[in-house]
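As structure tokens, the structure follows; a few thoughts come after it.
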Protein chains: 2
Amino acid sequence: MRDERYEIVPIGWVESALVDPLLAPKQGPEGAPEAWLTFAPAVWPGLGDLEPGDEVLVLTWLHLARRDVLAVHPRDDARAPLRGVFSTRSADRPNPLGLHRVRILAVADGRLRVRPLEAVDGTPIVDLKPVIGEA
Amino acid sequence: MRDERYEIVPIGWVESALVDPLLAPKQGPEGAPEAWLTFAPAVWPGLGDLEPGDEVLVLTWLHLARRDVLAVHPRDDARAPLRGVFSTRSADRPNPLGLHRVRILAVADGRLRVRPLEAVDGTPIVDLKPVIGEA
């Protein structure tokens with residue numbers, strides 16, 4: 001591998017009643033709760049056009065995940081055959097980026113209330129993007 | 001902002017006939033070409049279950065983008081009102097992550113042929129995820 005790396009800086013953090021990754025739903029639509037996204041004041045000007053009702057993609061850095069794993073049992077089911085991580089949504093992967101499609105419920109100063117979000121409390125947020133077409 | 005940052009490491013790179021970001025399509029479906037994704041040998045075991053026909057999300061690090069921009073004219077149209085970057089798909093943003101939905105056309109040793117991809121030649125790839133449901 002070339003010696004090339006980049007620095008990713010949290011723009012905010014998840015505030016959620018979910019604290020244990022083992023107890024969190026695997027995917028948002030599987031019963032994940034509402035959560036607050038709280039943003040660093042430095043990026044507030046970037047939030048200006050987000051409104052309740054908008055669907056957005058939240059990109060997180062799954063800071064509790066393992067980065068040295070390249071094959072997993074899907075959905076932590078030990079009976080399932082091992083699969084390459086890039087054909088799964090496992091949190092464990094070389095760059096543990098999470099991708100979550102949510103709807104904005106409310107907008108406050110530097111905060112967004114969203115649903116559903118399966119990321120645990122304290123998870124760093126690294127980007128937000130509008131939903132366009134199929135992704 | 002808390003002093004918290006993470007290191008993101010390319011798992012591969014885009015090989016494309018597109019070289020100039022100003023001439024590249026804004027989004028894949030807007031006429032973007034086929035491209036090769038070439039992966040570092042260290043992550044090849046993670047690619048094992050990807051097959052031609054699969055739809056995947058490619059996450060890239062848009063290394064040519066500006067990270068100090070929080071508002072942009074959408075689609076580089078100077079007549080369009082400035083918008084917060086988080087309600088646009090601008091490459092310029094604090095963490096310049098690209099998100100591209102593509103179909104796998106062919107699989108070779110450590111390489112995937114995909115379409116459509118608007119990222120330019122040499123763009124680092126940081127993750128691959130299967131398409132699940134709406135995202």
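Residue names in the structure tokens use chain letters A, B, ... in the order shown, residue numbers from 1 in each chain, and ligand numbers from 1 in the order shown.
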
**Request:** Might you pull out every residue within 7 Å of region 40-44 of chain B, with only C-alpha atoms counted and same-chain residues fewer than 6 positions away left off, and present them as an NGL selection string?
**Result:** (:A and (1 or 70)) or (:B and (11-12 or 110))

Print the selection's residues with C-alpha atoms to a file, as an mmCIF file, in the first residue's frame.
```cif
data_model
loop_
_atom_site.group_PDB
_atom_site.id
_atom_site.type_symbol
_atom_site.label_atom_id
_atom_site.label_comp_id
_atom_site.auth_asym_id
_atom_site.auth_seq_id
_atom_site.Cartn_x
_atom_site.Cartn_y
_atom_site.Cartn_z
ATOM 1 C CA MET A 1 0.000 0.000 0.000
ATOM 2 C CA LEU A 70 -11.471 -8.043 6.395
ATOM 3 C CA ILE B 11 -7.833 1.058 0.311
ATOM 4 C CA GLY B 12 -7.469 1.684 -3.425
ATOM 5 C CA GLY B 110 -7.782 -6.811 -6.897
#
```

**Request:** Pull out every residue of chain B that has at least one atom within 9 Å of chain A, counting only C-alpha atoms, and report them as a PyMOL selection string.
**Result:** chain B and resi 1-12+39-50+56-57+59+61+63+69-71+83-89+93-97+99-101+126-132+134-135

Go ahead and save the picked residues with C-alpha atoms, as a JSON list (two decimals), in the first residue's frame.
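Saved result, selection-v2.json, follows:
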```json
[["chain", "number", "residue", "atom", "x", "y", "z"],
["B", 1, "MET", "CA", -14.28, 21.94, 18.26],
["B", 2, "ARG", "CA", -12.84, 19.17, 20.41],
["B", 3, "ASP", "CA", -9.34, 18.19, 19.37],
["B", 4, "GLU", "CA", -10.35, 14.83, 17.94],
["B", 5, "ARG", "CA", -9.26, 13.48, 14.60],
["B", 6, "TYR", "CA", -8.88, 10.15, 12.85],
["B", 7, "GLU", "CA", -6.64, 8.77, 10.16],
["B", 8, "ILE", "CA", -8.29, 7.58, 6.96],
["B", 9, "VAL", "CA", -6.18, 5.31, 4.76],
["B", 10, "PRO", "CA", -6.89, 4.66, 1.07],
["B", 11, "ILE", "CA", -7.83, 1.06, 0.31],
["B", 12, "GLY", "CA", -7.47, 1.68, -3.42],
["B", 39, "PHE", "CA", -7.23, -2.04, -4.58],
["B", 40, "ALA", "CA", -4.21, -2.32, -2.34],
["B", 41, "PRO", "CA", -3.21, -6.00, -1.97],
["B", 42, "ALA", "CA", -3.61, -5.71, 1.82],
["B", 43, "VAL", "CA", -7.41, -5.42, 1.47],
["B", 44, "TRP", "CA", -7.99, -8.01, -1.28],
["B", 45, "PRO", "CA", -9.44, -10.55, 1.20],
["B", 46, "GLY", "CA", -12.27, -8.08, 1.85],
["B", 47, "LEU", "CA", -13.32, -8.07, -1.82],
["B", 48, "GLY", "CA", -14.01, -11.81, -2.07],
["B", 49, "ASP", "CA", -17.79, -11.78, -2.36],
["B", 50, "LEU", "CA", -18.26, -8.96, -4.88],
["B", 56, "VAL", "CA", -22.22, -0.97, -4.54],
["B", 57, "LEU", "CA", -21.56, 2.37, -2.92],
["B", 59, "LEU", "CA", -16.77, 6.07, -0.85],
["B", 61, "TRP", "CA", -11.66, 10.90, -0.54],
["B", 63, "HIS", "CA", -8.28, 14.81, -2.51],
["B", 69, "VAL", "CA", -15.53, 25.98, 2.34],
["B", 70, "LEU", "CA", -18.93, 25.94, 4.11],
["B", 71, "ALA", "CA", -21.15, 27.57, 1.45],
["B", 83, "ARG", "CA", -26.09, 27.21, 0.00],
["B", 84, "GLY", "CA", -24.63, 25.49, 3.05],
["B", 85, "VAL", "CA", -22.38, 22.67, 1.82],
["B", 86, "PHE", "CA", -24.26, 20.05, 3.84],
["B", 87, "SER", "CA", -27.35, 20.53, 1.71],
["B", 88, "THR", "CA", -25.30, 20.08, -1.48],
["B", 89, "ARG", "CA", -23.16, 17.35, -3.03],
["B", 93, "ARG", "CA", -16.58, 20.40, 2.38],
["B", 94, "PRO", "CA", -14.77, 19.87, 5.69],
["B", 95, "ASN", "CA", -14.26, 16.14, 5.07],
["B", 96, "PRO", "CA", -14.30, 15.73, 1.28],
["B", 97, "LEU", "CA", -15.93, 12.31, 1.11],
["B", 99, "LEU", "CA", -20.37, 8.84, -2.40],
["B", 100, "HIS", "CA", -20.95, 7.05, -5.69],
["B", 101, "ARG", "CA", -23.53, 4.38, -6.52],
["B", 126, "VAL", "CA", -11.77, 4.66, 1.30],
["B", 127, "ASP", "CA", -14.67, 2.19, 1.53],
["B", 128, "LEU", "CA", -17.08, 0.01, -0.44],
["B", 129, "LYS", "CA", -20.53, -0.98, 0.81],
["B", 130, "PRO", "CA", -23.35, -3.02, -0.67],
["B", 131, "VAL", "CA", -26.53, -1.16, -1.58],
["B", 132, "ILE", "CA", -29.21, -2.07, 0.99],
["B", 134, "GLU", "CA", -32.82, 2.87, -0.16],
["B", 135, "ALA", "CA", -29.15, 3.61, 0.51]]
```

**Prompt:** Which residues come within 12 Å of Arg113 (chain A), counting only C-alpha atoms, excluding same-chain residues fewer than 6 positions away, as JSON, numbers by chain?
**Reply:** {"A": [14, 15, 16, 33, 34, 35, 36, 37, 38, 39, 50, 51, 52, 53, 54, 55, 56, 102, 103, 104, 105, 106, 107]}
